[in-house]
$ cat target.pdb   # PDB, C-alpha atoms and all ligand atoms
MODEL        1
ATOM      1  CA  MET A 116      52.765 153.621 101.156  1.00  0.00           C
ATOM      2  CA  ASP A 117      51.736 153.712  97.500  1.00  0.00           C
ATOM      3  CA  ILE A 118      55.319 154.307  96.388  1.00  0.00           C
ATOM      4  CA  LEU A 119      56.658 151.558  98.649  1.00  0.00           C
ATOM      5  CA  TYR A 120      54.101 148.994  97.478  1.00  0.00           C
ATOM      6  CA  SER A 121      54.320 149.925  93.810  1.00  0.00           C
ATOM      7  CA  GLY A 122      58.118 149.540  94.029  1.00  0.00           C
ATOM      8  CA  LEU A 123      57.739 146.180  95.766  1.00  0.00           C
ATOM      9  CA  PHE A 124      55.280 144.909  93.167  1.00  0.00           C
ATOM     10  CA  PHE A 125      57.606 146.096  90.389  1.00  0.00           C
ATOM     11  CA  VAL A 126      60.498 144.095  91.857  1.00  0.00           C
ATOM     12  CA  LEU A 127      58.232 141.090  92.496  1.00  0.00           C
ATOM     13  CA  GLY A 128      57.185 141.240  88.837  1.00  0.00           C
ATOM     14  CA  LEU A 129      60.824 141.413  87.675  1.00  0.00           C
ATOM     15  CA  VAL A 130      61.763 138.362  89.745  1.00  0.00           C
ATOM     16  CA  LEU A 131      58.687 136.362  88.718  1.00  0.00           C
ATOM     17  CA  GLY A 132      59.218 137.454  85.101  1.00  0.00           C
ATOM     18  CA  SER A 133      62.703 135.964  85.241  1.00  0.00           C
ATOM     19  CA  PHE A 134      61.140 132.720  86.549  1.00  0.00           C
ATOM     20  CA  TYR A 135      58.492 132.806  83.790  1.00  0.00           C
ATOM     21  CA  ASN A 136      61.308 132.937  81.203  1.00  0.00           C
ATOM     22  CA  VAL A 137      62.628 129.678  82.646  1.00  0.00           C
ATOM     23  CA  VAL A 138      59.120 128.130  82.759  1.00  0.00           C
ATOM     24  CA  GLY A 139      58.374 129.223  79.180  1.00  0.00           C
ATOM     25  CA  LEU A 140      61.657 127.822  77.876  1.00  0.00           C
ATOM     26  CA  ARG A 141      61.750 124.587  79.851  1.00  0.00           C
ATOM     27  CA  ILE A 142      58.138 123.327  79.838  1.00  0.00           C
ATOM     28  CA  PRO A 143      57.989 122.882  76.025  1.00  0.00           C
ATOM     29  CA  GLN A 144      61.377 121.118  76.114  1.00  0.00           C
ATOM     30  CA  ARG A 145      60.334 118.915  79.054  1.00  0.00           C
ATOM     31  CA  THR A 146      63.341 119.983  81.108  1.00  0.00           C
ATOM     32  CA  PHE A 147      61.460 121.935  83.746  1.00  0.00           C
ATOM     33  CA  LEU A 148      61.944 119.383  86.512  1.00  0.00           C
ATOM     34  CA  SER A 149      65.591 118.692  85.736  1.00  0.00           C
ATOM     35  CA  SER A 150      67.756 120.178  88.437  1.00  0.00           C
ATOM     36  CA  SER A 151      70.220 121.719  85.976  1.00  0.00           C
ATOM     37  CA  ARG A 152      71.026 125.306  86.808  1.00  0.00           C
ATOM     38  CA  SER A 153      70.529 128.143  84.349  1.00  0.00           C
ATOM     39  CA  ALA A 154      73.221 128.087  81.685  1.00  0.00           C
ATOM     40  CA  CYS A 155      74.095 129.968  78.500  1.00  0.00           C
ATOM     41  CA  PRO A 156      72.221 128.189  75.687  1.00  0.00           C
ATOM     42  CA  THR A 157      75.218 128.625  73.360  1.00  0.00           C
ATOM     43  CA  CYS A 158      78.307 127.701  75.412  1.00  0.00           C
ATOM     44  CA  ASN A 159      76.491 125.885  78.243  1.00  0.00           C
ATOM     45  CA  HIS A 160      78.467 127.791  80.882  1.00  0.00           C
ATOM     46  CA  THR A 161      76.557 127.666  84.188  1.00  0.00           C
ATOM     47  CA  LEU A 162      75.513 131.184  85.163  1.00  0.00           C
ATOM     48  CA  LYS A 163      76.426 132.731  88.517  1.00  0.00           C
ATOM     49  CA  TRP A 164      73.842 134.479  90.691  1.00  0.00           C
ATOM     50  CA  TYR A 165      75.012 137.933  89.604  1.00  0.00           C
ATOM     51  CA  GLU A 166      74.470 136.956  85.978  1.00  0.00           C
ATOM     52  CA  LEU A 167      70.832 136.127  86.684  1.00  0.00           C
ATOM     53  CA  ILE A 168      69.637 139.457  88.115  1.00  0.00           C
ATOM     54  CA  PRO A 169      66.554 140.504  86.111  1.00  0.00           C
ATOM     55  CA  VAL A 170      67.231 143.230  83.502  1.00  0.00           C
ATOM     56  CA  LEU A 171      70.374 144.494  85.325  1.00  0.00           C
ATOM     57  CA  SER A 172      72.605 141.576  84.306  1.00  0.00           C
ATOM     58  CA  PHE A 173      71.471 142.027  80.723  1.00  0.00           C
ATOM     59  CA  LEU A 174      72.332 145.744  80.800  1.00  0.00           C
ATOM     60  CA  ILE A 175      75.686 145.299  82.569  1.00  0.00           C
ATOM     61  CA  GLN A 176      76.753 142.535  80.151  1.00  0.00           C
ATOM     62  CA  LYS A 177      75.482 144.678  77.234  1.00  0.00           C
ATOM     63  CA  GLY A 178      73.220 141.819  76.131  1.00  0.00           C
ATOM     64  CA  LYS A 179      76.085 139.331  75.689  1.00  0.00           C
ATOM     65  CA  CYS A 180      77.189 136.113  77.402  1.00  0.00           C
ATOM     66  CA  ARG A 181      80.326 136.841  79.483  1.00  0.00           C
ATOM     67  CA  TYR A 182      82.001 133.629  78.357  1.00  0.00           C
ATOM     68  CA  CYS A 183      81.244 133.181  74.657  1.00  0.00           C
ATOM     69  CA  GLN A 184      80.111 136.754  73.779  1.00  0.00           C
ATOM     70  CA  GLN A 185      77.000 135.370  72.089  1.00  0.00           C
ATOM     71  CA  SER A 186      74.060 137.831  72.145  1.00  0.00           C
ATOM     72  CA  ILE A 187      71.347 137.143  74.702  1.00  0.00           C
ATOM     73  CA  SER A 188      67.806 137.430  73.333  1.00  0.00           C
ATOM     74  CA  TYR A 189      65.957 140.668  74.064  1.00  0.00           C
ATOM     75  CA  LEU A 190      62.971 138.486  74.906  1.00  0.00           C
ATOM     76  CA  TYR A 191      64.263 137.755  78.446  1.00  0.00           C
ATOM     77  CA  PRO A 192      64.621 141.315  79.795  1.00  0.00           C
ATOM     78  CA  THR A 193      61.443 142.244  77.883  1.00  0.00           C
ATOM     79  CA  VAL A 194      59.410 139.555  79.661  1.00  0.00           C
ATOM     80  CA  GLU A 195      60.895 140.653  83.008  1.00  0.00           C
ATOM     81  CA  LEU A 196      60.041 144.301  82.360  1.00  0.00           C
ATOM     82  CA  ILE A 197      56.531 143.532  81.099  1.00  0.00           C
ATOM     83  CA  THR A 198      55.792 141.504  84.240  1.00  0.00           C
ATOM     84  CA  GLY A 199      57.327 144.154  86.532  1.00  0.00           C
ATOM     85  CA  ILE A 200      55.622 147.143  84.923  1.00  0.00           C
ATOM     86  CA  GLY A 201      52.359 145.181  84.545  1.00  0.00           C
ATOM     87  CA  PHE A 202      52.304 144.315  88.267  1.00  0.00           C
ATOM     88  CA  GLN A 203      53.121 147.903  89.239  1.00  0.00           C
ATOM     89  CA  LEU A 204      50.525 149.547  86.986  1.00  0.00           C
ATOM     90  CA  SER A 205      47.771 147.142  87.998  1.00  0.00           C
ATOM     91  CA  TYR A 206      48.523 147.811  91.678  1.00  0.00           C
ATOM     92  CA  LEU A 207      48.330 151.574  91.074  1.00  0.00           C
ATOM     93  CA  TYR A 208      45.014 151.090  89.239  1.00  0.00           C
ATOM     94  CA  LEU A 209      43.359 148.524  91.527  1.00  0.00           C
ATOM     95  CA  GLY A 210      45.003 148.824  94.961  1.00  0.00           C
ATOM     96  CA  ILE A 211      45.280 145.693  97.130  1.00  0.00           C
ATOM     97  CA  SER A 212      42.212 143.661  96.230  1.00  0.00           C
ATOM     98  CA  LEU A 213      41.132 140.299  94.879  1.00  0.00           C
ATOM     99  CA  ASP A 214      40.954 141.918  91.441  1.00  0.00           C
ATOM    100  CA  LEU A 215      44.668 142.664  91.801  1.00  0.00           C
ATOM    101  CA  TRP A 216      45.533 138.969  92.349  1.00  0.00           C
ATOM    102  CA  ILE A 217      43.314 138.079  89.393  1.00  0.00           C
ATOM    103  CA  THR A 218      45.177 140.592  87.213  1.00  0.00           C
ATOM    104  CA  PHE A 219      48.557 139.291  88.474  1.00  0.00           C
ATOM    105  CA  SER A 220      47.563 135.753  87.456  1.00  0.00           C
ATOM    106  CA  LEU A 221      46.612 136.987  83.965  1.00  0.00           C
ATOM    107  CA  ILE A 222      49.855 138.957  83.563  1.00  0.00           C
ATOM    108  CA  SER A 223      51.774 135.840  84.622  1.00  0.00           C
ATOM    109  CA  LEU A 224      49.966 133.717  82.040  1.00  0.00           C
ATOM    110  CA  PHE A 225      50.650 136.417  79.428  1.00  0.00           C
ATOM    111  CA  SER A 226      54.407 136.456  80.155  1.00  0.00           C
ATOM    112  CA  ILE A 227      54.776 132.662  80.062  1.00  0.00           C
ATOM    113  CA  LEU A 228      52.804 132.363  76.817  1.00  0.00           C
ATOM    114  CA  LEU A 229      54.857 135.173  75.273  1.00  0.00           C
ATOM    115  CA  VAL A 230      57.935 132.962  75.669  1.00  0.00           C
ATOM    116  CA  THR A 231      56.339 129.656  74.576  1.00  0.00           C
ATOM    117  CA  ASP A 232      54.518 131.233  71.648  1.00  0.00           C
ATOM    118  CA  LEU A 233      57.434 133.293  70.315  1.00  0.00           C
ATOM    119  CA  ARG A 234      60.026 130.549  70.858  1.00  0.00           C
ATOM    120  CA  PHE A 235      58.102 127.365  70.024  1.00  0.00           C
ATOM    121  CA  MET A 236      54.776 128.625  68.595  1.00  0.00           C
ATOM    122  CA  ILE A 237      52.797 126.551  71.088  1.00  0.00           C
ATOM    123  CA  ILE A 238      50.464 127.015  74.057  1.00  0.00           C
ATOM    124  CA  PRO A 239      51.452 124.087  76.327  1.00  0.00           C
ATOM    125  CA  ASN A 240      48.610 122.109  77.936  1.00  0.00           C
ATOM    126  CA  LYS A 241      50.641 121.911  81.149  1.00  0.00           C
ATOM    127  CA  ILE A 242      50.523 125.697  81.502  1.00  0.00           C
ATOM    128  CA  LEU A 243      46.754 125.818  80.905  1.00  0.00           C
ATOM    129  CA  LEU A 244      46.169 122.944  83.352  1.00  0.00           C
ATOM    130  CA  PHE A 245      48.266 124.743  85.951  1.00  0.00           C
ATOM    131  CA  PHE A 246      46.180 127.925  85.702  1.00  0.00           C
ATOM    132  CA  LEU A 247      42.770 126.189  85.588  1.00  0.00           C
ATOM    133  CA  PRO A 248      42.494 125.394  89.358  1.00  0.00           C
ATOM    134  CA  ILE A 249      43.890 128.871  90.176  1.00  0.00           C
ATOM    135  CA  PHE A 250      41.198 130.583  88.067  1.00  0.00           C
ATOM    136  CA  ILE A 251      38.446 128.353  89.519  1.00  0.00           C
ATOM    137  CA  LEU A 252      39.620 129.086  93.067  1.00  0.00           C
ATOM    138  CA  LEU A 253      39.770 132.844  92.396  1.00  0.00           C
ATOM    139  CA  ARG A 254      36.159 132.704  91.150  1.00  0.00           C
ATOM    140  CA  VAL A 255      35.065 130.633  94.166  1.00  0.00           C
ATOM    141  CA  PHE A 256      36.301 133.406  96.463  1.00  0.00           C
ATOM    142  CA  HIS A 257      35.280 136.239  94.169  1.00  0.00           C
ATOM    143  CA  PRO A 258      32.315 134.917  92.127  1.00  0.00           C
ATOM    144  CA  LEU A 259      31.015 136.542  89.004  1.00  0.00           C
ATOM    145  CA  GLU A 260      27.487 137.935  88.888  1.00  0.00           C
ATOM    146  CA  PRO A 261      25.752 135.460  88.351  1.00  0.00           C
ATOM    147  CA  TRP A 262      28.281 132.807  89.420  1.00  0.00           C
ATOM    148  CA  TRP A 263      27.446 130.435  86.566  1.00  0.00           C
ATOM    149  CA  SER A 264      28.716 133.051  84.120  1.00  0.00           C
ATOM    150  CA  SER A 265      32.073 131.306  84.691  1.00  0.00           C
ATOM    151  CA  ILE A 266      30.626 128.176  83.080  1.00  0.00           C
ATOM    152  CA  THR A 267      28.798 129.877  80.190  1.00  0.00           C
ATOM    153  CA  GLY A 268      31.872 132.070  79.635  1.00  0.00           C
ATOM    154  CA  SER A 269      34.129 129.048  79.406  1.00  0.00           C
ATOM    155  CA  VAL A 270      31.791 127.229  77.014  1.00  0.00           C
ATOM    156  CA  ALA A 271      31.419 130.371  74.880  1.00  0.00           C
ATOM    157  CA  GLY A 272      35.193 130.936  74.722  1.00  0.00           C
ATOM    158  CA  TYR A 273      35.823 127.344  73.719  1.00  0.00           C
ATOM    159  CA  GLY A 274      32.872 127.361  71.312  1.00  0.00           C
ATOM    160  CA  ILE A 275      33.728 130.513  69.303  1.00  0.00           C
ATOM    161  CA  ILE A 276      37.188 129.271  68.393  1.00  0.00           C
ATOM    162  CA  ALA A 277      35.923 125.710  67.788  1.00  0.00           C
ATOM    163  CA  LEU A 278      33.481 127.231  65.301  1.00  0.00           C
ATOM    164  CA  ILE A 279      36.231 129.279  63.640  1.00  0.00           C
ATOM    165  CA  ILE A 280      38.431 126.178  63.369  1.00  0.00           C
ATOM    166  CA  ILE A 281      35.595 124.225  61.728  1.00  0.00           C
ATOM    167  CA  VAL A 282      34.557 127.018  59.354  1.00  0.00           C
ATOM    168  CA  SER A 283      38.053 128.168  58.349  1.00  0.00           C
ATOM    169  CA  ARG A 284      39.595 124.679  58.511  1.00  0.00           C
ATOM    170  CA  GLY A 285      42.431 125.603  60.841  1.00  0.00           C
ATOM    171  CA  GLY A 286      42.452 129.416  60.916  1.00  0.00           C
ATOM    172  CA  MET A 287      43.182 129.089  64.624  1.00  0.00           C
ATOM    173  CA  GLY A 288      44.751 126.397  66.748  1.00  0.00           C
ATOM    174  CA  ALA A 289      43.418 124.004  69.380  1.00  0.00           C
ATOM    175  CA  GLY A 290      45.688 125.788  71.868  1.00  0.00           C
ATOM    176  CA  ASP A 291      43.870 129.083  71.251  1.00  0.00           C
ATOM    177  CA  MET A 292      40.534 127.301  71.776  1.00  0.00           C
ATOM    178  CA  LYS A 293      41.561 125.786  75.125  1.00  0.00           C
ATOM    179  CA  LEU A 294      43.066 129.108  76.199  1.00  0.00           C
ATOM    180  CA  LEU A 295      39.897 131.120  75.527  1.00  0.00           C
ATOM    181  CA  GLY A 296      37.861 128.407  77.300  1.00  0.00           C
ATOM    182  CA  LEU A 297      40.166 128.683  80.310  1.00  0.00           C
ATOM    183  CA  LEU A 298      39.930 132.486  80.372  1.00  0.00           C
ATOM    184  CA  GLY A 299      36.119 132.247  80.196  1.00  0.00           C
ATOM    185  CA  VAL A 300      36.153 130.838  83.754  1.00  0.00           C
ATOM    186  CA  LEU A 301      37.709 134.078  84.967  1.00  0.00           C
ATOM    187  CA  LEU A 302      35.928 136.556  82.688  1.00  0.00           C
ATOM    188  CA  GLY A 303      32.398 135.204  82.373  1.00  0.00           C
ATOM    189  CA  PHE A 304      30.110 135.271  79.362  1.00  0.00           C
ATOM    190  CA  SER A 305      29.989 138.905  78.183  1.00  0.00           C
ATOM    191  CA  TYR A 306      33.611 139.783  79.016  1.00  0.00           C
ATOM    192  CA  ILE A 307      35.047 136.728  77.249  1.00  0.00           C
ATOM    193  CA  LEU A 308      33.270 137.798  74.067  1.00  0.00           C
ATOM    194  CA  LEU A 309      34.654 141.320  74.519  1.00  0.00           C
ATOM    195  CA  ALA A 310      38.146 139.895  75.218  1.00  0.00           C
ATOM    196  CA  PHE A 311      38.015 137.869  72.005  1.00  0.00           C
ATOM    197  CA  PHE A 312      36.887 140.908  70.017  1.00  0.00           C
ATOM    198  CA  ILE A 313      39.729 143.033  71.462  1.00  0.00           C
ATOM    199  CA  ALA A 314      42.251 140.247  70.736  1.00  0.00           C
ATOM    200  CA  ILE A 315      41.105 140.047  67.101  1.00  0.00           C
ATOM    201  CA  LEU A 316      41.453 143.844  66.797  1.00  0.00           C
ATOM    202  CA  ILE A 317      44.966 143.819  68.291  1.00  0.00           C
ATOM    203  CA  GLY A 318      45.872 140.860  66.077  1.00  0.00           C
ATOM    204  CA  LEU A 319      44.649 142.592  62.928  1.00  0.00           C
ATOM    205  CA  LEU A 320      46.365 145.884  63.842  1.00  0.00           C
ATOM    206  CA  SER A 321      49.700 144.272  64.680  1.00  0.00           C
ATOM    207  CA  SER A 322      49.757 141.987  61.645  1.00  0.00           C
ATOM    208  CA  GLY A 323      48.896 145.049  59.548  1.00  0.00           C
ATOM    209  CA  LEU A 324      51.835 146.928  61.080  1.00  0.00           C
ATOM    210  CA  VAL A 325      54.160 143.967  60.511  1.00  0.00           C
ATOM    211  CA  LEU A 326      53.019 143.768  56.886  1.00  0.00           C
ATOM    212  CA  ILE A 327      53.603 147.497  56.314  1.00  0.00           C
ATOM    213  CA  LYS A 328      57.045 147.292  57.943  1.00  0.00           C
ATOM    214  CA  ARG A 329      58.062 144.343  55.799  1.00  0.00           C
ATOM    215  CA  GLY A 330      56.727 145.914  52.629  1.00  0.00           C
ATOM    216  CA  PHE A 331      53.911 143.370  52.278  1.00  0.00           C
ATOM    217  CA  LYS A 332      56.364 140.616  51.442  1.00  0.00           C
ATOM    218  CA  ALA A 333      56.534 137.981  54.150  1.00  0.00           C
ATOM    219  CA  LYS A 334      53.439 136.532  55.755  1.00  0.00           C
ATOM    220  CA  GLN A 335      54.228 136.932  59.425  1.00  0.00           C
ATOM    221  CA  GLU A 336      52.238 135.017  62.010  1.00  0.00           C
ATOM    222  CA  VAL A 337      51.384 137.144  65.041  1.00  0.00           C
ATOM    223  CA  PRO A 338      51.439 134.983  68.203  1.00  0.00           C
ATOM    224  CA  PHE A 339      47.751 134.833  69.037  1.00  0.00           C
ATOM    225  CA  GLY A 340      48.009 133.159  72.477  1.00  0.00           C
ATOM    226  CA  PRO A 341      49.487 136.169  74.312  1.00  0.00           C
ATOM    227  CA  THR A 342      47.186 138.462  72.305  1.00  0.00           C
ATOM    228  CA  ILE A 343      44.129 136.601  73.660  1.00  0.00           C
ATOM    229  CA  VAL A 344      45.409 137.021  77.239  1.00  0.00           C
ATOM    230  CA  LEU A 345      46.075 140.717  76.578  1.00  0.00           C
ATOM    231  CA  GLY A 346      42.487 141.046  75.339  1.00  0.00           C
ATOM    232  CA  ALA A 347      41.312 139.380  78.553  1.00  0.00           C
ATOM    233  CA  ILE A 348      43.318 141.801  80.724  1.00  0.00           C
ATOM    234  CA  ILE A 349      41.918 144.832  78.858  1.00  0.00           C
ATOM    235  CA  ALA A 350      38.346 143.453  79.020  1.00  0.00           C
ATOM    236  CA  LEU A 351      38.641 142.733  82.745  1.00  0.00           C
ATOM    237  CA  LEU A 352      40.109 146.128  83.685  1.00  0.00           C
ATOM    238  CA  PHE A 353      38.294 148.415  81.237  1.00  0.00           C
ATOM    239  CA  GLY A 354      35.320 146.323  80.070  1.00  0.00           C
ATOM    240  CA  ASP A 355      32.656 148.514  81.678  1.00  0.00           C
ATOM    241  CA  GLU A 356      34.179 151.704  80.242  1.00  0.00           C
ATOM    242  CA  ILE A 357      34.460 150.156  76.780  1.00  0.00           C
ATOM    243  CA  ILE A 358      30.878 148.863  76.785  1.00  0.00           C
ATOM    244  CA  ASN A 359      29.548 152.216  78.110  1.00  0.00           C
ATOM    245  CA  ALA A 360      31.486 154.213  75.528  1.00  0.00           C
ATOM    246  CA  TYR A 361      30.218 151.924  72.800  1.00  0.00           C
ATOM    247  CA  THR A 362      26.564 152.147  73.869  1.00  0.00           C
ATOM    248  CA  ASN A 363      26.815 155.957  74.160  1.00  0.00           C
ATOM    249  CA  LEU A 364      28.188 156.075  70.654  1.00  0.00           C
ATOM    250  CA  MET A 365      25.280 153.966  69.388  1.00  0.00           C
ATOM    251  CA  ILE A 366      22.708 156.155  71.164  1.00  0.00           C
ATOM    252  CA  LEU A 367      24.211 159.367  69.728  1.00  0.00           C
ATOM    253  CA  LYS A 368      23.859 157.909  66.264  1.00  0.00           C
TER     254      LYS A 368
HETATM  255 ZN    ZN A 401      77.750 131.621  76.434  1.00  0.00          ZN
ENDMDL
END

$ encode --input "target.pdb" --output "structure tokens"
Amino acid sequence: MDILYSGLFFVLGLVLGSFYNVVGLRIPQRTFLSSSRSACPTCNHTLKWYELIPVLSFLIQKGKCRYCQQSISYLYPTVELITGIGFQLSYLYLGISLDLWITFSLISLFSILLVTDLRFMIIPNKILLFFLPIFILLRVFHPLEPWWSSITGSVAGYGIIALIIIVSRGGMGAGDMKLLGLLGVLLGFSYILLAFFIAILIGLLSSGLVLIKRGFKAKQEVPFGPTIVLGAIIALLFGDEIINAYTNLMILK
């Protein structure tokens, strides 16, 4: 059963990932509700169903449009694979449970923000407003301990970045602030702080790597929106282990 379900969740993730590409590209351009079918962004040729199969179409066409030979961005199959593998791994780790649906919603948010942040460098309000009722509902059915941790977590998430924005005069964006506030509903007070800490660490590490790779020349912005969501996923799944390991380390000292 495990193999069957993990395969199913992988395919579900691939298909949803392909949809998240469309959401991430169209919401910032306000074309989401237009009925136009998926087309090549270069030659505008409408794509057939067999050119829209997640990952496979990309591989078969060797990453090129069949009509104009223009390269297709690696971002699309990457988002599909991340969603697919993310769904599969979280199923194998959590089994069928409410925590699994919570993790799926976070992976979905991560994939959409990966597209909007890398392509347009924004975190659209529409995306955050779409996830807000979902997160509230998930915490109504599966409340935190104590339940009002959802409220303090949200205020704390919003507050930390608001403070950073005031102190650093724009070191982070309003989008990041709203995003961490939104995630606080799901994570609660202590985990949202942990999530933020993990996100900062990942951000520092990856911008360090980018700097080393580019020979310390260009100042490359690391998209912080998806990094915050990644921090939230790690905090939610491994928060207890991380906090325990950290306290043990402190006691040994
Ligand atoms: Zn084309």

$ resolve_selection --input "target.pdb" --expression "the PyMOL selection byres (((chain A and resi 250) around 9) and not hetatm)" --output "PyMOL selection string"
chain A and resi 217+220+246-249+251-255+297-298+300-301

$ resolve_selection --input "target.pdb" --expression "the PyMOL selection byres (((not hetatm)) within 6 of (chain A and resi 401))" --output "tab-separated table (two decimals) with C-alpha atoms, keeping the file's coordinate frame"
chain	number	residue	atom	x	y	z
A	155	CYS	CA	74.10	129.97	78.50
A	157	THR	CA	75.22	128.62	73.36
A	158	CYS	CA	78.31	127.70	75.41
A	160	HIS	CA	78.47	127.79	80.88
A	180	CYS	CA	77.19	136.11	77.40
A	182	TYR	CA	82.00	133.63	78.36
A	183	CYS	CA	81.24	133.18	74.66
A	185	GLN	CA	77.00	135.37	72.09

$ resolve_selection --input "target.pdb" --expression "the PyMOL selection byres (((chain A and resi 123) around 12) and not hetatm)" --output "PyMOL selection string"
chain A and resi 116-122+124-130+199-200+202-204+206-207

$ atom_distance --input "target.pdb" --atom1 "atom CA of Ser265 of chain A" --atom2 "atom CA of Phe311 of chain A"
15.5 Å

$ atom_distance --input "target.pdb" --atom1 "atom CA of Ile348 of chain A" --atom2 "atom CA of Tyr135 of chain A"
17.9 Å

$ atom_distance --input "target.pdb" --atom1 "atom CA of Thr342 of chain A" --atom2 "atom CA of Ile317 of chain A"
7.1 Å

$ closest_residue --input "target.pdb" --among "A:Ile222, A:Thr193, A:Ile358, A:Tyr273" --to "Gly288 of chain A" --atoms "all atoms listed in the file"
A:Tyr273

$ residues_near_point --input "target.pdb" --point "(58.4, 128.8, 80.9)" --cutoff "10 Å" --atoms "all atoms listed in the file" --output "CSV table (one decimal) with C-alpha atoms, in the coordinates of the input"
chain,number,residue,atom,x,y,z
A,132,GLY,CA,59.2,137.5,85.1
A,133,SER,CA,62.7,136.0,85.2
A,134,PHE,CA,61.1,132.7,86.5
A,135,TYR,CA,58.5,132.8,83.8
A,136,ASN,CA,61.3,132.9,81.2
A,137,VAL,CA,62.6,129.7,82.6
A,138,VAL,CA,59.1,128.1,82.8
A,139,GLY,CA,58.4,129.2,79.2
A,140,LEU,CA,61.7,127.8,77.9
A,141,ARG,CA,61.8,124.6,79.9
A,142,ILE,CA,58.1,123.3,79.8
A,143,PRO,CA,58.0,122.9,76.0
A,144,GLN,CA,61.4,121.1,76.1
A,147,PHE,CA,61.5,121.9,83.7
A,224,LEU,CA,50.0,133.7,82.0
A,226,SER,CA,54.4,136.5,80.2
A,227,ILE,CA,54.8,132.7,80.1
A,228,LEU,CA,52.8,132.4,76.8
A,229,LEU,CA,54.9,135.2,75.3
A,230,VAL,CA,57.9,133.0,75.7
A,231,THR,CA,56.3,129.7,74.6
A,239,PRO,CA,51.5,124.1,76.3
A,242,ILE,CA,50.5,125.7,81.5

$ axis_aligned_box --input "target.pdb" --around "segment 231-247 of chain A" --padding-each-side "4 Å" --output "AutoDock Vina command-line options"
--center_x 51.4 --center_y 127.6 --center_z 77.3 --size_x 25.3 --size_y 19.4 --size_z 25.4

$ closest_residue --input "target.pdb" --among "A:Leu162, A:Leu316, A:Leu221, A:Val282" --to "Ala347 of chain A" --atoms "all atoms listed in the file"
A:Leu221

$ closest_residue --input "target.pdb" --among "A:Met236, A:Leu131, A:Tyr165, A:Asp291" --to "Ile279 of chain A" --atoms "all atoms listed in the file"
A:Asp291

$ residues_around --input "target.pdb" --residues "Ile307 of chain A" --least-positions-apart "5" --cutoff "9 Å" --atoms "all atoms listed in the file" --output "ChimeraX atom specification"
/A:268-269,271-272,295-296,298-302,312,346-347,350-351

$ residues_around --input "target.pdb" --residues "Val170 of chain A" --least-positions-apart "6" --cutoff "8 Å" --atoms "only C-alpha atoms" --output "MDAnalysis selection string"
chainID A and resid 129 192 195:196

$ closest_residue --input "target.pdb" --among "A:Ile238, A:Val194, A:Leu367, A:Val270" --to "Phe304 of chain A" --atoms "all atoms listed in the file"
A:Val270

$ closest_residue --input "target.pdb" --among "A:Ser305, A:Ala277, A:Gly354, A:Phe235" --to "Glu260 of chain A" --atoms "all atoms listed in the file"
A:Ser305

$ residues_around --input "target.pdb" --residues "Ser186 of chain A" --least-positions-apart "2" --cutoff "10 Å" --atoms "only C-alpha atoms" --output "mmCIF file with C-alpha atoms, keeping the file's coordinate frame"
data_model
loop_
_atom_site.group_PDB
_atom_site.id
_atom_site.type_symbol
_atom_site.label_atom_id
_atom_site.label_comp_id
_atom_site.auth_asym_id
_atom_site.auth_seq_id
_atom_site.Cartn_x
_atom_site.Cartn_y
_atom_site.Cartn_z
ATOM 1 C CA THR A 157 75.218 128.625 73.360
ATOM 2 C CA PHE A 173 71.471 142.027 80.723
ATOM 3 C CA GLN A 176 76.753 142.535 80.151
ATOM 4 C CA LYS A 177 75.482 144.678 77.234
ATOM 5 C CA GLY A 178 73.220 141.819 76.131
ATOM 6 C CA LYS A 179 76.085 139.331 75.689
ATOM 7 C CA CYS A 180 77.189 136.113 77.402
ATOM 8 C CA ARG A 181 80.326 136.841 79.483
ATOM 9 C CA CYS A 183 81.244 133.181 74.657
ATOM 10 C CA GLN A 184 80.111 136.754 73.779
ATOM 11 C CA SER A 188 67.806 137.430 73.333
ATOM 12 C CA TYR A 189 65.957 140.668 74.064
#
